[in-house]
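Scroll down for the structure; my scribbles are underneath it.
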Amino acid sequence: MHRSRVRRAIAGGTVAGAMLLASLGAAPAPTPMTAPTPAPTSSAPTGSDDPLARFHDQRVRWGACPEKPVPAEMRCAVVEVPLDYAAPGKGTVKLALGRLPATDPDRRIGSLLINFGGPGAPGLAGLAADPKAFADLGERYDLIGFDPRGVGHSDPVSCGDAGDTAGDPGGDTATALAALRDEVKRCERNSGPVLAHMGTVDVARDMDVMRRVLGDEKLNFLGFSYGSRLGAVYAALFPRDTGRMVLDGVDTLTEPLMEQALVSARGQQRALDNFLTWCAHQSGCVYGTNTRTAKEKVAALVERADTEPLVGDDGTEVGGLVIVLAIGQALYSPSTWPALAKALAQAEREHDPAGMLALLGLSADPTDPADPTDPPEPTEPAQAGGSDPVPADNLAAALAAVTCADDPDRSIEKSSPAALEKEINERAEEFLEVSKVFGVPQLLSVLTCYGRPAGTDFIRKIDHPGAPPMLLVGTRGDPATPYEWTEETAERLGSAVIVDHKGEGHTGYSSSRCVQEYVDDFLLHGRLPSGTRSCPAED
């Protein structure tokens with residue numbers, strides 16, 4: 001049965017959706033990248049000996065922001081960075097920065113760069129969404145959000161009309177793979193030169209330019225989800241320029257895409273199991289009180305919708321992958337579990353997809369409060385100072401570009417379509433054993449980089465780079481960045497202290513007062529626990 005499901009998914013062009021599923025959380029340009037030069041033993045030179053002097057010496061002019069609305073005190077600016085750090089004269093990329101000035105300037109520490117995840121999530125929108133979530137930090141830090149290169153208002157990448165990428169459910173694997181190669185060509189045509197320089201190594205180097213133009217001796221950084229990978233790469237490149245760094249919802253540095261997908265499927269299923277246990281204790285749970293059969297019924301709903309989609313009042317059809325995406329999104333925060341329970345009840349009892357669509361932000365649902373550490377939902381693009389609007393597909397295009405720039409493995413490129421389909425079918429058994437709901441979509445996400453040149457191997461080689469002590473937060477019920485990645489990354493960095501959050505949802509800062517206290521104490525006062533600390537689950 002799984003073979004027909006996998007074949008149908010490949011031919012039907014569901015790889016992009018599977019990649020979005022894999023990103024619900026973390027997460028990972030399409031020209032071959034050479035490994036970066038080793039990190040300097042001291043800060044880079046200045047003046048005539050500094051090949052990046054023109055970038056380091058630029059002045060930041062703060063003014064109006066392209067995002068609307070923003071807090072009254074928020075100001076934005078554009079900073080130029082090299083397109084290619086190996087050839088700084090080759091061209092430039094314009095980065096959009098946003099700043100909330102410290103509310104207690106007499107006690108100001110400096111700037112705190114924040115990355116809200118992705119890859120592909122805009123930082124300006126993240127900073128503007130709920131500055132109160134970082135109010136304590138904002139007393140003594142200028143809070144800085146930024147759209148990474150190729151994202152949002154920073155020379156955004158695009159693959160063109162999403163309608164051009166639809167697959168044919170009746171097609172074969174060879175046709176689907178050819179369509180993926182065509183997709184890469186569309187991305188290259190629509191994105192321009194920045195697409196070839198989208199990797200996390202490039203963005204980390206951009207952050208060092210930001211540090212310099214902001215006037216900070218050290219980089220202080222708070223990274224959520226994918227932002228944890230970005231912070232770790234910065235610490236490996238610039239250990240002596242790393243200040244106080246916190247990584248929450250820690251991404252993997254070492255695992256290839258296939259293994260990332262398997263671990264992610266396991267983490268999502270674990271979060272779904274926790275939700276179903278919660279649901280079984282609520283009155284009116286559509287699956288009753290038996291959590292074992294509940295798992296089977298959710299899987300059956302997804303598989304059934306692959307061939308018999310849910311149909312809305314307006315005729316909208318919702319298939320299995322959209323249901324998986326909606327469930328994955330809702331697992332980000334326990335605050336959305338009641339909405340997920342309602343959506344599943346609508347789907348099972350009324351064959352109504354309205355609740356699922358609401359979870360994805362595709363219809364109004366006032367019961368879904370915003371979480372400031374979640375990747376912002378794609379919205380109607382805002383104008384950037386008279387420039388073209390942000391492309392509607394920017395999040396997905398940037399996600400794929402960064403993921404592939406960070407992954408050096410392209411072994412699947414050497415396989416014939418028949419051999420590739422055979423390999424995927426063989427791995428499908430393993431993925432379905434881990435999760436009948438998330439297994440197949442996660443497995444298909446490994447095809448995201450098909451047709452793209454191999455990326456850098458620098459990230460996989462990070463090993464005790466000599467950075468100062470930092471704080472890592474791992475959440476036991478995290479559906480996107482499983483707790484084991486926190487331990488693995490801490491071992492790789494060699495200088496990290498872990499806060500073990502026993503709660504649910506993606507990241508811990510916004511949902512746990514205990515986590516927030518450890519994070520704020522370190523960022524504001526430099527106090528770091530001597531060893532792993534635990535934070536209990538909170539209602």
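Chain labels follow the order of the structure tokens: the first chain is A, the next B, and so on; residue numbering restarts at 1 in every chain, and ligands are counted from 1 in their shown order.
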Backbone DSSP call of alpha helix (DSSP H) for range 287-359 of chain A, listed as number ranges by chain: A: 291-307, 320-330, 337-345, 354-359
Please save C-alpha atoms of the selected residues as a short mmCIF file (atom, residue, chain, number, x, y, z; two decimals), in the first residue's frame.
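Result file again07.cif:
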```cif
data_model
loop_
_atom_site.label_atom_id
_atom_site.label_comp_id
_atom_site.auth_asym_id
_atom_site.auth_seq_id
_atom_site.Cartn_x
_atom_site.Cartn_y
_atom_site.Cartn_z
CA THR A 291 -4.84 6.76 22.20
CA ARG A 292 -3.64 3.68 20.30
CA THR A 293 -6.65 3.60 18.01
CA ALA A 294 -6.53 7.40 17.80
CA LYS A 295 -3.12 7.18 16.11
CA GLU A 296 -4.50 4.73 13.59
CA LYS A 297 -7.53 6.90 12.88
CA VAL A 298 -5.44 10.02 12.18
CA ALA A 299 -3.29 8.02 9.78
CA ALA A 300 -6.42 6.65 8.10
CA LEU A 301 -7.81 10.18 7.70
CA VAL A 302 -4.64 11.30 5.92
CA GLU A 303 -4.50 8.29 3.63
CA ARG A 304 -8.20 8.50 2.82
CA ALA A 305 -7.89 12.17 1.90
CA ASP A 306 -5.16 11.33 -0.63
CA THR A 307 -7.82 9.74 -2.84
CA GLY A 320 -3.72 14.29 2.76
CA LEU A 321 -0.60 16.44 2.51
CA VAL A 322 -2.47 19.61 3.47
CA ILE A 323 -3.92 17.79 6.50
CA VAL A 324 -0.39 16.70 7.49
CA LEU A 325 0.85 20.28 7.10
CA ALA A 326 -2.00 21.58 9.26
CA ILE A 327 -1.39 19.01 11.99
CA GLY A 328 2.34 19.75 11.93
CA GLN A 329 1.68 23.48 12.26
CA ALA A 330 -0.70 23.00 15.19
CA TRP A 337 -4.13 22.01 20.49
CA PRO A 338 -7.81 22.90 21.10
CA ALA A 339 -8.01 24.28 17.54
CA LEU A 340 -6.42 21.07 16.22
CA ALA A 341 -8.93 18.93 18.15
CA LYS A 342 -11.75 20.97 16.63
CA ALA A 343 -10.28 20.70 13.12
CA LEU A 344 -9.94 16.92 13.38
CA ALA A 345 -13.52 16.64 14.61
CA ALA A 354 -12.32 24.54 7.28
CA GLY A 355 -10.49 23.84 10.54
CA MET A 356 -7.44 22.45 8.76
CA LEU A 357 -7.26 25.50 6.48
CA ALA A 358 -7.59 27.80 9.50
CA LEU A 359 -4.59 26.14 11.15
#
```
Selection: 8 Å around range 149-156 of chain A, only C-alpha atoms, excl. self and same-chain fewer than 4 positions, as an MDAnalysis selection string: chainID A and resid 66 93:96 120:122 191 194:195 198 203 384 390:391 394:395 398
12 Å contact set for Lys90 in chain A, only C-alpha atoms, chain neighbours under 4 positions out, as a list in words: Val81, Pro82, Leu83, Asp84, Tyr85, Ala86, Pro193, Val194 and His197 of chain A
Non-local contacts of range 208-219 of chain A (7 Å; only C-alpha atoms; under 2 positions in same chain excluded) as a compact mmCIF listing (two decimals) with N, CA and C atoms, in the first residue's frame:
```txt
# COMPACT_ATOMS: atom_id res chain seq x y z
N PHE A 55 32.57 47.59 3.38
CA PHE A 55 31.34 47.10 4.01
C PHE A 55 31.35 47.37 5.51
N HIS A 56 32.51 47.17 6.13
CA HIS A 56 32.61 47.38 7.57
C HIS A 56 32.48 48.86 7.95
N ASP A 57 32.85 49.75 7.05
CA ASP A 57 32.88 51.18 7.37
C ASP A 57 31.61 51.92 6.97
N GLN A 58 30.64 51.23 6.39
CA GLN A 58 29.43 51.93 5.96
C GLN A 58 28.63 52.43 7.17
N ARG A 59 27.91 53.53 6.96
CA ARG A 59 27.06 54.09 8.00
C ARG A 59 25.64 53.55 7.87
N VAL A 60 25.02 53.28 9.01
CA VAL A 60 23.64 52.80 9.02
C VAL A 60 22.72 54.00 9.16
N GLY A 110 24.37 46.80 24.33
CA GLY A 110 24.75 46.78 22.91
C GLY A 110 23.57 46.29 22.09
N SER A 111 23.88 45.62 20.99
CA SER A 111 22.84 45.08 20.11
C SER A 111 22.66 43.59 20.37
N ALA A 204 25.96 33.86 8.04
CA ALA A 204 26.78 34.08 9.23
C ALA A 204 27.82 35.17 8.99
N ARG A 205 28.41 35.17 7.81
CA ARG A 205 29.36 36.23 7.47
C ARG A 205 28.66 37.58 7.39
N ASP A 206 27.42 37.58 6.88
CA ASP A 206 26.63 38.81 6.87
C ASP A 206 26.44 39.34 8.29
N PHE A 221 23.59 37.18 20.43
CA PHE A 221 22.67 36.56 19.47
C PHE A 221 21.67 35.66 20.17
N ASP A 241 34.89 36.57 18.14
CA ASP A 241 33.94 37.69 18.04
C ASP A 241 32.56 37.30 18.57
N THR A 242 32.44 36.10 19.11
CA THR A 242 31.17 35.62 19.65
C THR A 242 31.01 36.10 21.08
N GLY A 243 29.87 36.74 21.34
CA GLY A 243 29.57 37.21 22.69
C GLY A 243 28.63 36.27 23.39
```
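CA of Ala128 in chain A is positioned 5.1 Å from CA of Val70 in chain A.
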Nearest residue to Leu127 in chain A from the set A:Arg270, A:His281, A:Lys68, A:Arg349 (distances using only C-alpha atoms): A:Lys68
For CA of Asp251 in chain A and CA of Leu143 in chain A, the interatomic separation in Å (one decimal): 22.8 Å
Among listed residues A:Ala87, A:Val79, A:Met74, A:Val233, nearest Asp406 in chain A (using only C-alpha atoms): A:Val233
Strand (DSSP E or B) residues, from DSSP on the backbone, in range 38-273 of chain A, as an MDAnalysis selection string: chainID A and resid 63 75:82 92:100 110:115 141:147 219:224 242:248
Within 6 Å of range 253-259 of chain A using only C-alpha atoms, minus same-chain residues under 6 positions, as JSON, numbers by chain: {"A": [446, 459, 460]}
Arg75 in chain A environment, 7 Å, only C-alpha atoms, sequence neighbours closer than 5 positions dropped, as a list of chain:residue names: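 The neighbour list is A:Trp62, A:Gly63, A:Ala64, A:Cys65, A:Gly98, A:Arg99, A:Leu100.
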CA of Ala480 in chain A to CA of Val250 in chain A, distance in Å rounded to a single decimal: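 Rounded to one decimal, the two atoms are 9.3 Å apart.
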Hey, what's within 6 Å of Leu472 in chain A if we count only C-alpha atoms and toss same-chain stuff fewer than 3 positions away? As a short mmCIF file (atom, residue, chain, number, x, y, z; two decimals) with N, CA, C and O atoms, in the first residue's frame, please?
```cif
data_model
loop_
_atom_site.label_atom_id
_atom_site.label_comp_id
_atom_site.auth_asym_id
_atom_site.auth_seq_id
_atom_site.Cartn_x
_atom_site.Cartn_y
_atom_site.Cartn_z
N VAL A 246 22.52 32.47 22.66
CA VAL A 246 21.51 31.51 23.10
C VAL A 246 20.87 30.90 21.87
O VAL A 246 20.44 31.61 20.96
N LEU A 247 20.79 29.56 21.85
CA LEU A 247 20.18 28.82 20.75
C LEU A 247 19.02 28.01 21.32
O LEU A 247 19.22 27.15 22.18
N ASP A 248 17.80 28.27 20.83
CA ASP A 248 16.58 27.66 21.38
C ASP A 248 15.85 26.91 20.26
O ASP A 248 15.50 27.48 19.24
N ILE A 498 23.20 23.22 28.59
CA ILE A 498 21.85 22.89 28.12
C ILE A 498 20.80 23.21 29.19
O ILE A 498 21.00 22.91 30.37
#
```
Minimum-distance residue to Thr456 in chain A, chosen among A:Thr200, A:Ser228, A:Asn115, A:Thr289 (using only C-alpha atoms):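 Nearest candidate to Thr456 in chain A out of A:Thr200, A:Ser228, A:Asn115, A:Thr289: A:Thr200.
The residue that comes closest to Ser264 in chain A, out of A:Pro453, A:Gly138, A:Gly508, A:Gly477 and on the basis of only C-alpha atoms, is A:Gly477.
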